[in-house]
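Dropping my_file-v1.cif in here (mmCIF, C-alpha atoms):
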data_my_file
#
loop_
_atom_site.label_atom_id
_atom_site.label_comp_id
_atom_site.auth_asym_id
_atom_site.auth_seq_id
_atom_site.Cartn_x
_atom_site.Cartn_y
_atom_site.Cartn_z
CA MET A 1 -37.65 -38.96 -12.76
CA LYS A 2 -35.47 -38.80 -9.68
CA LYS A 3 -37.08 -37.69 -6.44
CA ARG A 4 -35.30 -34.52 -5.34
CA ILE A 5 -34.76 -34.26 -1.59
CA ALA A 6 -33.90 -31.41 0.76
CA LEU A 7 -32.38 -33.08 3.82
CA VAL A 8 -32.57 -31.13 7.08
CA GLY A 9 -30.36 -32.66 9.78
CA SER A 10 -27.85 -34.52 7.63
CA THR A 11 -25.20 -35.21 10.30
CA GLY A 12 -27.47 -36.95 12.81
CA SER A 13 -28.22 -40.66 13.01
CA ILE A 14 -31.26 -40.51 10.70
CA GLY A 15 -29.59 -38.06 8.32
CA LYS A 16 -26.62 -40.37 7.83
CA GLN A 17 -28.95 -43.27 7.04
CA VAL A 18 -30.93 -41.13 4.61
CA ILE A 19 -27.72 -40.44 2.70
CA ASP A 20 -26.89 -44.17 2.65
CA VAL A 21 -30.33 -44.97 1.21
CA VAL A 22 -30.08 -42.23 -1.42
CA MET A 23 -26.56 -43.20 -2.50
CA ARG A 24 -27.64 -46.83 -2.82
CA HIS A 25 -30.27 -45.80 -5.40
CA PRO A 26 -28.78 -42.87 -7.36
CA GLU A 27 -31.12 -43.60 -10.26
CA ARG A 28 -34.13 -42.89 -8.03
CA PHE A 29 -33.10 -40.22 -5.54
CA GLU A 30 -31.04 -37.06 -5.41
CA ILE A 31 -30.26 -34.82 -2.43
CA VAL A 32 -30.40 -31.36 -3.97
CA ALA A 33 -29.99 -29.46 -0.68
CA MET A 34 -28.91 -30.36 2.81
CA ALA A 35 -28.46 -28.65 6.16
CA ALA A 36 -27.02 -29.43 9.57
CA ASN A 37 -26.39 -27.51 12.75
CA SER A 38 -22.70 -27.39 13.61
CA ASN A 39 -20.80 -30.65 12.94
CA GLU A 40 -18.32 -29.18 10.47
CA ARG A 41 -16.08 -32.21 10.00
CA LYS A 42 -18.94 -34.57 9.20
CA PHE A 43 -20.66 -31.98 7.01
CA ILE A 44 -17.55 -31.51 4.89
CA GLU A 45 -17.41 -35.29 4.33
CA GLN A 46 -21.10 -35.36 3.41
CA MET A 47 -20.84 -32.46 0.95
CA ASP A 48 -18.00 -34.26 -0.82
CA ARG A 49 -20.01 -37.49 -0.97
CA VAL A 50 -23.44 -36.08 -1.84
CA ARG A 51 -22.47 -32.99 -3.85
CA PRO A 52 -25.78 -31.18 -3.42
CA SER A 53 -26.62 -27.99 -5.27
CA PHE A 54 -26.89 -26.13 -1.95
CA ALA A 55 -25.54 -26.89 1.52
CA ALA A 56 -25.95 -24.90 4.73
CA LEU A 57 -24.72 -24.99 8.30
CA ARG A 58 -27.01 -23.28 10.78
CA SER A 59 -24.21 -22.21 13.11
CA ALA A 60 -22.09 -19.16 12.33
CA GLY A 61 -18.43 -19.59 11.45
CA GLU A 62 -15.88 -19.75 8.68
CA MET A 63 -16.45 -20.85 5.11
CA LEU A 64 -15.91 -24.60 4.69
CA PRO A 65 -14.25 -26.39 1.77
CA HIS A 66 -16.97 -27.67 -0.54
CA PRO A 67 -17.37 -29.15 -4.04
CA GLU A 68 -17.08 -26.75 -6.95
CA ASN A 69 -20.71 -27.14 -8.02
CA THR A 70 -22.12 -26.85 -4.48
CA ARG A 71 -23.20 -23.47 -3.18
CA PHE A 72 -22.38 -23.28 0.54
CA SER A 73 -23.59 -20.82 3.15
CA ARG A 74 -23.96 -20.48 6.92
CA GLY A 75 -26.47 -18.99 9.33
CA GLU A 76 -30.19 -19.00 10.00
CA GLU A 77 -31.22 -17.61 6.63
CA ALA A 78 -29.26 -20.31 4.79
CA TYR A 79 -30.76 -23.02 7.02
CA GLU A 80 -34.26 -21.73 6.31
CA GLU A 81 -33.56 -21.80 2.56
CA VAL A 82 -32.90 -25.56 2.76
CA CYS A 83 -36.13 -26.09 4.75
CA GLY A 84 -38.14 -24.69 1.85
CA TYR A 85 -35.74 -25.37 -1.00
CA GLY A 86 -37.37 -24.51 -4.31
CA ASP A 87 -36.00 -27.39 -6.40
CA ALA A 88 -36.92 -30.10 -3.87
CA ASP A 89 -39.88 -32.43 -4.27
CA VAL A 90 -39.83 -33.38 -0.59
CA VAL A 91 -38.21 -31.99 2.55
CA LEU A 92 -36.96 -34.77 4.80
CA ILE A 93 -36.78 -33.49 8.36
CA ALA A 94 -34.25 -35.45 10.40
CA VAL A 95 -33.27 -32.90 13.04
CA THR A 96 -34.00 -33.71 16.68
CA GLY A 97 -35.92 -31.72 19.23
CA PHE A 98 -37.89 -28.48 19.05
CA ALA A 99 -35.89 -27.36 16.00
CA GLY A 100 -37.94 -29.73 13.87
CA LEU A 101 -41.06 -27.62 14.32
CA LYS A 102 -39.61 -24.60 12.52
CA ALA A 103 -38.28 -26.81 9.73
CA ALA A 104 -41.68 -28.44 9.22
CA LEU A 105 -43.57 -25.15 9.15
CA LEU A 106 -41.09 -23.58 6.71
CA ALA A 107 -41.35 -26.58 4.37
CA ILE A 108 -45.14 -26.50 4.46
CA GLN A 109 -45.16 -22.74 3.89
CA ALA A 110 -43.06 -23.38 0.76
CA GLY A 111 -45.65 -25.91 -0.44
CA LYS A 112 -43.33 -28.91 -0.01
CA ASP A 113 -44.35 -32.42 1.03
CA ILE A 114 -42.53 -33.42 4.20
CA ALA A 115 -41.09 -36.76 5.24
CA LEU A 116 -41.00 -36.49 9.01
CA ALA A 117 -38.42 -38.18 11.20
CA ASN A 118 -38.80 -35.51 13.89
CA LYS A 119 -41.56 -36.48 16.30
CA GLU A 120 -41.06 -33.42 18.51
CA SER A 121 -42.55 -31.13 15.84
CA LEU A 122 -45.86 -32.94 16.28
CA VAL A 123 -45.48 -33.24 20.05
CA VAL A 124 -45.03 -29.51 20.62
CA GLY A 125 -46.98 -28.15 17.65
CA GLY A 126 -49.02 -30.96 16.12
CA ASP A 127 -52.20 -28.94 15.70
CA LEU A 128 -50.23 -26.15 14.06
CA VAL A 129 -48.36 -28.47 11.68
CA MET A 130 -51.32 -30.59 10.63
CA ARG A 131 -53.57 -27.56 10.15
CA ALA A 132 -50.94 -25.85 8.00
CA ALA A 133 -50.34 -29.02 5.97
CA SER A 134 -54.05 -29.45 5.32
CA LYS A 135 -54.43 -25.82 4.26
CA ALA A 136 -51.40 -26.05 1.92
CA ASN A 137 -52.50 -29.48 0.62
CA VAL A 138 -49.09 -31.03 1.27
CA ALA A 139 -48.38 -34.60 2.39
CA VAL A 140 -46.97 -35.46 5.82
CA VAL A 141 -45.25 -38.84 5.55
CA PRO A 142 -44.05 -40.52 8.77
CA ILE A 143 -40.55 -41.98 9.06
CA ASP A 144 -40.62 -43.10 12.71
CA SER A 145 -40.59 -46.90 12.52
CA GLU A 146 -43.76 -47.17 14.61
CA HIS A 147 -45.70 -44.60 12.63
CA SER A 148 -44.45 -45.91 9.33
CA ALA A 149 -45.76 -49.29 10.49
CA ILE A 150 -49.21 -47.83 11.24
CA TRP A 151 -49.21 -45.99 7.91
CA GLN A 152 -48.38 -49.25 6.11
CA CYS A 153 -51.13 -51.12 7.95
CA LEU A 154 -53.55 -48.41 6.81
CA HIS A 155 -52.39 -48.87 3.20
CA PHE A 156 -50.56 -45.52 3.13
CA ASP A 157 -53.77 -43.66 4.00
CA ARG A 158 -53.55 -41.65 7.22
CA THR A 159 -57.30 -40.99 7.09
CA ALA A 160 -58.32 -44.67 6.90
CA PRO A 161 -60.66 -45.86 9.69
CA PHE A 162 -59.42 -48.00 12.59
CA SER A 163 -60.52 -49.04 16.07
CA LYS A 164 -57.22 -48.93 17.94
CA ILE A 165 -53.51 -48.30 17.41
CA LEU A 166 -51.10 -50.61 19.22
CA LEU A 167 -47.70 -48.95 19.56
CA THR A 168 -44.84 -51.28 20.40
CA ALA A 169 -41.86 -50.34 22.56
CA SER A 170 -38.66 -52.25 23.27
CA GLY A 171 -38.55 -51.03 26.87
CA GLY A 172 -35.07 -49.60 26.35
CA ALA A 173 -31.67 -50.53 27.68
CA LEU A 174 -32.69 -50.54 31.36
CA ARG A 175 -35.88 -52.58 31.14
CA ASP A 176 -34.54 -55.35 33.41
CA VAL A 177 -32.51 -53.28 35.88
CA PRO A 178 -34.04 -53.55 39.39
CA LEU A 179 -35.95 -50.39 40.26
CA GLN A 180 -33.80 -49.66 43.31
CA GLU A 181 -30.68 -49.65 41.11
CA LEU A 182 -31.91 -47.21 38.48
CA GLN A 183 -30.55 -44.20 40.37
CA PHE A 184 -27.03 -45.60 39.98
CA VAL A 185 -27.04 -46.42 36.25
CA THR A 186 -24.52 -44.69 34.01
CA ALA A 187 -25.09 -42.97 30.69
CA GLU A 188 -23.10 -45.74 29.07
CA ALA A 189 -25.53 -48.35 30.39
CA ALA A 190 -28.58 -46.34 29.35
CA LEU A 191 -27.16 -45.90 25.84
CA ALA A 192 -26.65 -49.64 25.29
CA HIS A 193 -29.94 -50.27 23.51
CA PRO A 194 -30.56 -54.00 23.03
CA ASN A 195 -32.03 -53.72 19.51
CA TRP A 196 -31.58 -50.31 17.88
CA ASN A 197 -28.61 -48.13 16.94
CA MET A 198 -29.77 -44.52 17.35
CA GLY A 199 -28.61 -41.10 18.50
CA ALA A 200 -27.89 -40.47 22.18
CA LYS A 201 -30.97 -38.36 22.98
CA ILE A 202 -33.51 -40.74 21.50
CA THR A 203 -31.76 -43.76 23.07
CA ILE A 204 -32.11 -42.23 26.54
CA ASP A 205 -35.72 -41.34 25.73
CA CYS A 206 -36.26 -45.01 24.85
CA ALA A 207 -34.84 -46.05 28.22
CA THR A 208 -37.23 -43.71 30.05
CA MET A 209 -40.04 -44.33 27.53
CA LEU A 210 -40.50 -40.58 27.19
CA ASN A 211 -40.04 -41.32 23.50
CA LYS A 212 -43.04 -43.63 23.53
CA GLY A 213 -45.14 -40.95 25.16
CA PHE A 214 -44.10 -38.65 22.33
CA GLU A 215 -45.18 -41.31 19.85
CA VAL A 216 -48.61 -41.55 21.46
CA MET A 217 -49.06 -37.82 20.79
CA GLU A 218 -47.66 -38.27 17.28
CA ALA A 219 -50.30 -40.95 16.61
CA MET A 220 -53.02 -38.64 17.83
CA HIS A 221 -52.00 -35.96 15.32
CA LEU A 222 -51.06 -38.15 12.35
CA TYR A 223 -54.06 -40.47 12.49
CA GLY A 224 -56.70 -38.40 14.27
CA ALA A 225 -56.64 -40.86 17.18
CA ALA A 226 -58.11 -40.14 20.59
CA LEU A 227 -55.78 -40.81 23.50
CA GLU A 228 -57.84 -43.83 24.56
CA GLN A 229 -57.44 -45.32 21.07
CA VAL A 230 -53.67 -45.67 21.48
CA GLU A 231 -52.32 -48.61 23.49
CA VAL A 232 -48.62 -49.15 24.21
CA LEU A 233 -47.10 -52.62 24.56
CA ILE A 234 -43.57 -53.64 25.52
CA HIS A 235 -42.27 -55.89 22.75
CA ARG A 236 -38.73 -56.99 23.51
CA GLU A 237 -37.85 -58.40 20.11
CA SER A 238 -38.59 -55.16 18.18
CA ILE A 239 -39.88 -57.19 15.23
CA VAL A 240 -43.48 -55.96 15.30
CA HIS A 241 -43.07 -52.24 14.74
CA SER A 242 -46.72 -51.48 15.52
CA MET A 243 -50.22 -52.79 14.87
CA VAL A 244 -53.66 -51.51 13.95
CA GLU A 245 -56.88 -53.04 15.23
CA LEU A 246 -59.83 -52.66 12.86
CA GLU A 247 -63.52 -52.36 13.68
CA ASP A 248 -64.20 -56.08 13.15
CA GLY A 249 -61.43 -57.11 15.57
CA ALA A 250 -58.84 -57.97 12.92
CA VAL A 251 -55.33 -56.80 13.79
CA LEU A 252 -52.79 -55.89 11.13
CA ALA A 253 -49.10 -55.78 12.05
CA GLN A 254 -46.03 -54.54 10.21
CA MET A 255 -42.93 -56.58 10.99
CA GLY A 256 -39.29 -56.40 10.04
CA VAL A 257 -35.77 -56.29 11.43
CA PRO A 258 -34.92 -53.31 13.66
CA SER A 259 -33.67 -50.94 10.97
CA MET A 260 -34.59 -47.37 10.07
CA GLU A 261 -33.60 -47.82 6.43
CA LEU A 262 -36.92 -49.42 5.46
CA PRO A 263 -39.16 -46.58 6.79
CA ILE A 264 -36.75 -43.99 5.34
CA GLN A 265 -36.77 -45.62 1.92
CA LEU A 266 -40.50 -46.30 1.94
CA ALA A 267 -41.24 -42.65 2.69
CA LEU A 268 -39.53 -41.86 -0.62
CA THR A 269 -40.84 -44.72 -2.78
CA TYR A 270 -44.39 -45.46 -1.55
CA PRO A 271 -46.57 -47.06 -2.74
CA GLU A 272 -43.78 -48.91 -4.55
CA ARG A 273 -41.54 -51.21 -2.53
CA ILE A 274 -37.96 -51.99 -3.54
CA ALA A 275 -35.22 -54.15 -2.00
CA CYS A 276 -33.97 -52.78 1.31
CA ALA A 277 -33.56 -54.35 4.74
CA PRO A 278 -32.46 -57.88 5.69
CA ARG A 279 -35.26 -60.41 6.12
CA VAL A 280 -36.63 -61.62 9.46
CA ASP A 281 -35.67 -65.16 10.43
CA PHE A 282 -38.77 -66.11 12.40
CA ALA A 283 -37.55 -69.62 13.16
CA LYS A 284 -34.41 -68.17 14.74
CA ILE A 285 -36.42 -65.68 16.81
CA GLY A 286 -38.77 -68.42 17.97
CA ALA A 287 -41.35 -66.32 19.80
CA LEU A 288 -42.70 -62.76 20.07
CA HIS A 289 -43.64 -61.34 23.47
CA PHE A 290 -45.90 -58.47 24.55
CA GLU A 291 -46.56 -56.93 27.96
CA LYS A 292 -47.98 -53.76 29.47
CA PRO A 293 -45.45 -51.11 30.56
CA ASP A 294 -44.83 -50.72 34.30
CA LEU A 295 -45.44 -47.04 35.06
CA SER A 296 -43.33 -47.24 38.22
CA ARG A 297 -40.36 -48.08 36.00
CA TYR A 298 -41.26 -45.44 33.41
CA PRO A 299 -42.47 -42.26 35.19
CA CYS A 300 -41.54 -40.15 32.14
CA PHE A 301 -44.03 -42.15 30.11
CA ALA A 302 -46.75 -41.48 32.69
CA LEU A 303 -45.96 -37.75 32.59
CA ALA A 304 -46.18 -37.78 28.78
CA LEU A 305 -49.60 -39.44 28.84
CA ALA A 306 -50.82 -36.79 31.28
CA CYS A 307 -49.55 -34.04 28.97
CA ALA A 308 -51.19 -35.70 25.97
CA LYS A 309 -54.49 -35.58 27.84
CA GLU A 310 -54.01 -31.97 28.96
CA GLY A 311 -52.87 -30.49 25.66
CA LYS A 312 -52.17 -26.75 25.23
CA THR A 313 -48.47 -26.04 25.94
CA ALA A 314 -48.07 -28.99 28.33
CA PRO A 315 -46.40 -31.21 25.65
CA CYS A 316 -44.10 -28.31 24.70
CA ILE A 317 -43.01 -27.90 28.34
CA LEU A 318 -42.56 -31.66 28.61
CA ASN A 319 -40.29 -31.77 25.57
CA ALA A 320 -38.17 -28.78 26.62
CA ALA A 321 -37.66 -30.10 30.14
CA GLY A 322 -36.83 -33.52 28.72
CA GLU A 323 -34.16 -32.10 26.43
CA VAL A 324 -32.54 -30.21 29.32
CA ALA A 325 -32.70 -33.19 31.68
CA VAL A 326 -31.34 -35.72 29.20
CA ALA A 327 -28.45 -33.41 28.27
CA ALA A 328 -27.65 -33.01 31.97
CA PHE A 329 -27.68 -36.78 32.47
CA LEU A 330 -25.43 -37.39 29.48
CA ASN A 331 -23.04 -34.72 30.85
CA GLY A 332 -22.89 -36.45 34.23
CA GLN A 333 -24.67 -33.62 36.08
CA ILE A 334 -27.67 -35.60 37.35
CA LYS A 335 -28.72 -39.16 38.10
CA TYR A 336 -30.85 -41.12 35.66
CA THR A 337 -33.85 -41.01 38.01
CA GLN A 338 -33.65 -37.21 38.16
CA ILE A 339 -34.71 -36.97 34.50
CA ALA A 340 -38.32 -37.65 35.48
CA GLU A 341 -38.02 -35.47 38.59
CA ILE A 342 -36.84 -32.45 36.56
CA ILE A 343 -39.59 -32.89 33.98
CA ASP A 344 -42.23 -33.20 36.71
CA SER A 345 -40.91 -30.16 38.60
CA THR A 346 -40.85 -28.06 35.44
CA LEU A 347 -44.40 -29.04 34.53
CA SER A 348 -45.53 -28.17 38.07
CA ALA A 349 -43.83 -24.77 37.94
CA LEU A 350 -45.32 -23.45 34.71
CA PRO A 351 -48.86 -22.50 33.68
CA ARG A 352 -50.38 -23.81 30.45
CA GLN A 353 -51.35 -21.60 27.55
CA ALA A 354 -53.00 -22.10 24.18
CA ALA A 355 -50.56 -23.30 21.51
CA GLU A 356 -51.88 -21.04 18.77
CA SER A 357 -48.71 -19.93 16.99
CA PHE A 358 -45.06 -20.77 16.51
CA ALA A 359 -44.13 -17.65 18.50
CA ALA A 360 -46.25 -18.82 21.46
CA LEU A 361 -44.68 -22.28 21.36
CA GLU A 362 -41.17 -20.86 21.03
CA ALA A 363 -41.75 -18.66 24.09
CA ALA A 364 -43.12 -21.63 26.07
CA ASP A 365 -40.12 -23.71 25.03
CA GLU A 366 -37.66 -21.04 26.15
CA ARG A 367 -39.41 -20.54 29.51
CA ALA A 368 -39.50 -24.28 30.16
CA ARG A 369 -35.79 -24.69 29.39
CA ALA A 370 -34.90 -21.86 31.74
CA VAL A 371 -36.97 -23.36 34.53
CA ALA A 372 -35.67 -26.88 33.93
CA ARG A 373 -32.07 -25.67 34.18
CA THR A 374 -32.75 -24.40 37.70
CA PHE A 375 -33.46 -28.00 38.78
CA VAL A 376 -30.17 -29.33 37.40
CA CYS A 377 -27.68 -29.66 40.23
#

Serialized structure, structure tokens:
Amino acid sequence: MKKRIALVGSTGSIGKQVIDVVMRHPERFEIVAMAANSNERKFIEQMDRVRPSFAALRSAGEMLPHPENTRFSRGEEAYEEVCGYGDADVVLIAVTGFAGLKAALLAIQAGKDIALANKESLVVGGDLVMRAASKANVAVVPIDSEHSAIWQCLHFDRTAPFSKILLTASGGALRDVPLQELQFVTAEAALAHPNWNMGAKITIDCATMLNKGFEVMEAMHLYGAALEQVEVLIHRESIVHSMVELEDGAVLAQMGVPSMELPIQLALTYPERIACAPRVDFAKIGALHFEKPDLSRYPCFALALACAKEGKTAPCILNAAGEVAVAAFLNGQIKYTQIAEIIDSTLSALPRQAAESFAALEAADERARAVARTFVC
């Protein structure tokens, strides 16, 4: 039987690749529902290509042209219907930012397994998501390349024992820019990732390594890891996607070309593996390198580690301030180095509270965004 997918975030970088994977294997997969935020032109193209049973745009507006057998709607209620779509076997969450938390909770509430490409949902509300998933007895399958790698090393068992998780990071587009020149870098330079082709927000987060701090928190929630059990290594080649050290000292690594299609496909086919990404030419690569990250180059990463240790609403504030700061940098309103300054100032300005409900996290997110905007100049 085909695996029926509800795709949330179809017009983003991951969403587009999900559609490519599904269309490559129409005998195995079917997107029965899909949702996006506001990219009308791209969404019209995707509806015509995918022809889902139901399609929804979260933003308000006019009715869009759509295939005859596709039901189309707009607004929050329609978006929420996709997140818990009744005919789906799995909800694949590919939206970015805080919005992923609501999507994850709605899918779990509907009793749907989730394939998670949104790390922020675990950063801001990991305890909430994992507790709800456990109570509803639904699977949470990681799509992030690093967390898919860990999952593979643990033989698709998130509860398997380990000694340490070794998360790899490329170091981003600015890893070799002299520190004194970072304040002058342009958005174009920061977006020129040496290995990966991703969306703008995550590419900037890779440059600052805020993204890697998020992934540390993601590992803590997905694999029950303590902060001290997660080590981050700069790995310039992006061939080793992450590693797991076992109790006896053995280290298992998952390797492959820098492509999101493998973790996307594997989240839908596991434990079966089918043809997907190009093969690694190890002779051509020649060598693999690893080094510790320089915290003076990556202050956002240091802030993320501090928030991971603190818990409560600190990660939620971190994420909200990061979204505001990165948007301001991409819009030319601030310097690259001000991203970390705005996050730090926002964290310093706000008290921490218990992250006990979605409403509490949503309120913390809104407060943090408002405060962060006051530091944009």

In Å and to one decimal, atom CA of Glu45 of chain A is distant from atom CA of Ala192 of chain A by 27.0 Å

Could you list, as a JSON list (two decimals) with C-alpha atoms, in the coordinates of the input, every residue matched by the PyMOL selection byres ((chain A and resi 331) around 12) in this structure?
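Writing done, so here's part09.json:
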[["chain", "number", "residue", "atom", "x", "y", "z"],
["A", 186, "THR", "CA", -24.52, -44.69, 34.01],
["A", 187, "ALA", "CA", -25.09, -42.97, 30.69],
["A", 188, "GLU", "CA", -23.10, -45.74, 29.07],
["A", 200, "ALA", "CA", -27.89, -40.47, 22.18],
["A", 201, "LYS", "CA", -30.97, -38.36, 22.98],
["A", 324, "VAL", "CA", -32.54, -30.21, 29.32],
["A", 325, "ALA", "CA", -32.70, -33.19, 31.68],
["A", 326, "VAL", "CA", -31.34, -35.72, 29.20],
["A", 327, "ALA", "CA", -28.45, -33.41, 28.27],
["A", 328, "ALA", "CA", -27.65, -33.01, 31.97],
["A", 329, "PHE", "CA", -27.68, -36.78, 32.47],
["A", 330, "LEU", "CA", -25.43, -37.39, 29.48],
["A", 332, "GLY", "CA", -22.89, -36.45, 34.23],
["A", 333, "GLN", "CA", -24.67, -33.62, 36.08],
["A", 334, "ILE", "CA", -27.67, -35.60, 37.35],
["A", 335, "LYS", "CA", -28.72, -39.16, 38.10],
["A", 336, "TYR", "CA", -30.85, -41.12, 35.66],
["A", 376, "VAL", "CA", -30.17, -29.33, 37.40],
["A", 377, "CYS", "CA", -27.68, -29.66, 40.23]]

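Considering the residues A:Ala320, A:Ile93, A:Val50, A:Ala115 and counting all atoms listed in the file, Val22 of chain A has its shortest atom-to-atom contact with A:Val50.
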
query = If you count all atoms listed in the file, which residues fall within 7 Å of segment 270-279 of chain A, apart from same-chain ones fewer than 5 positions away, as an MDAnalysis selection string?
reply = chainID A and resid 256:257 261:262

**OP:** Kindly resolve the PyMOL selection byres ((chain A and resi 229-234) around 8) on the present coordinates and return the residues as a count of residues only.
**Re:** 24

Could you pull the residues within 12 Å of Glu310 of chain A, counting all atoms listed in the file, minus those fewer than 5 positions along the same chain, as a ChimeraX atom specification? /A:217,227,303-305,315-318,347,351-355

Limited to C-alpha atoms, could you put the picked residues into a file as an mmCIF file, in the coordinates of the input?
data_model
loop_
_atom_site.group_PDB
_atom_site.id
_atom_site.type_symbol
_atom_site.label_atom_id
_atom_site.label_comp_id
_atom_site.auth_asym_id
_atom_site.auth_seq_id
_atom_site.Cartn_x
_atom_site.Cartn_y
_atom_site.Cartn_z
ATOM 1 C CA MET A 217 -49.060 -37.820 20.790
ATOM 2 C CA LEU A 227 -55.780 -40.810 23.500
ATOM 3 C CA LEU A 303 -45.960 -37.750 32.590
ATOM 4 C CA ALA A 304 -46.180 -37.780 28.780
ATOM 5 C CA LEU A 305 -49.600 -39.440 28.840
ATOM 6 C CA PRO A 315 -46.400 -31.210 25.650
ATOM 7 C CA CYS A 316 -44.100 -28.310 24.700
ATOM 8 C CA ILE A 317 -43.010 -27.900 28.340
ATOM 9 C CA LEU A 318 -42.560 -31.660 28.610
ATOM 10 C CA LEU A 347 -44.400 -29.040 34.530
ATOM 11 C CA PRO A 351 -48.860 -22.500 33.680
ATOM 12 C CA ARG A 352 -50.380 -23.810 30.450
ATOM 13 C CA GLN A 353 -51.350 -21.600 27.550
ATOM 14 C CA ALA A 354 -53.000 -22.100 24.180
ATOM 15 C CA ALA A 355 -50.560 -23.300 21.510
#

- request: List the residues matched by the PyMOL selection byres ((chain A and resi 3) around 12) in the displayed structure as a ChimeraX atom specification, ordered by chain and then by residue number.
  value: /A:1-2,4-6,22,25-32,87-92,113,265,267-270

(message) Which residues are near Phe214 of chain A? Cut-off 8 Å, only C-alpha atoms, ignore same chain within fewer than 3 positions. Put them as a VMD selection string.
(response) chain A and resid 119 to 120 123 210 to 211 217 to 218 304

As a check of understanding: the span from atom CA of Val8 of chain A to atom CA of Ser357 of chain A is 22.0 Å

Between A:Thr313, A:Asn37, A:Thr96, A:Ser53, smallest distance to Glu76 of chain A by all atoms listed in the file belongs to A:Asn37

Completion step: segment 327-338 of chain A with N, CA and C atoms as an mmCIF file, in the coordinates of the input:
data_model
loop_
_atom_site.group_PDB
_atom_site.id
_atom_site.type_symbol
_atom_site.label_atom_id
_atom_site.label_comp_id
_atom_site.auth_asym_id
_atom_site.auth_seq_id
_atom_site.Cartn_x
_atom_site.Cartn_y
_atom_site.Cartn_z
ATOM 1 N N ALA A 327 -29.787 -33.977 28.485
ATOM 2 C CA ALA A 327 -28.450 -33.410 28.270
ATOM 3 C C ALA A 327 -27.657 -33.388 29.572
ATOM 4 N N ALA A 328 -28.326 -33.043 30.666
ATOM 5 C CA ALA A 328 -27.650 -33.010 31.970
ATOM 6 C C ALA A 328 -27.210 -34.405 32.392
ATOM 7 N N PHE A 329 -28.048 -35.404 32.141
ATOM 8 C CA PHE A 329 -27.680 -36.780 32.470
ATOM 9 C C PHE A 329 -26.498 -37.248 31.637
ATOM 10 N N LEU A 330 -26.531 -36.976 30.351
ATOM 11 C CA LEU A 330 -25.430 -37.390 29.480
ATOM 12 C C LEU A 330 -24.122 -36.674 29.846
ATOM 13 N N ASN A 331 -24.225 -35.473 30.431
ATOM 14 C CA ASN A 331 -23.040 -34.720 30.850
ATOM 15 C C ASN A 331 -22.588 -35.070 32.263
ATOM 16 N N GLY A 332 -23.287 -36.017 32.897
ATOM 17 C CA GLY A 332 -22.890 -36.450 34.230
ATOM 18 C C GLY A 332 -23.306 -35.505 35.345
ATOM 19 N N GLN A 333 -24.268 -34.612 35.078
ATOM 20 C CA GLN A 333 -24.670 -33.620 36.080
ATOM 21 C C GLN A 333 -25.767 -34.134 37.009
ATOM 22 N N ILE A 334 -26.569 -35.076 36.541
ATOM 23 C CA ILE A 334 -27.670 -35.600 37.350
ATOM 24 C C ILE A 334 -27.718 -37.114 37.249
ATOM 25 N N LYS A 335 -28.480 -37.720 38.151
ATOM 26 C CA LYS A 335 -28.720 -39.160 38.100
ATOM 27 C C LYS A 335 -29.822 -39.459 37.071
ATOM 28 N N TYR A 336 -29.841 -40.684 36.632
ATOM 29 C CA TYR A 336 -30.850 -41.120 35.660
ATOM 30 C C TYR A 336 -32.262 -40.863 36.188
ATOM 31 N N THR A 337 -32.513 -41.175 37.441
ATOM 32 C CA THR A 337 -33.850 -41.010 38.010
ATOM 33 C C THR A 337 -34.269 -39.552 38.135
ATOM 34 N N GLN A 338 -33.320 -38.633 38.071
ATOM 35 C CA GLN A 338 -33.650 -37.210 38.160
ATOM 36 C C GLN A 338 -34.225 -36.670 36.856
#
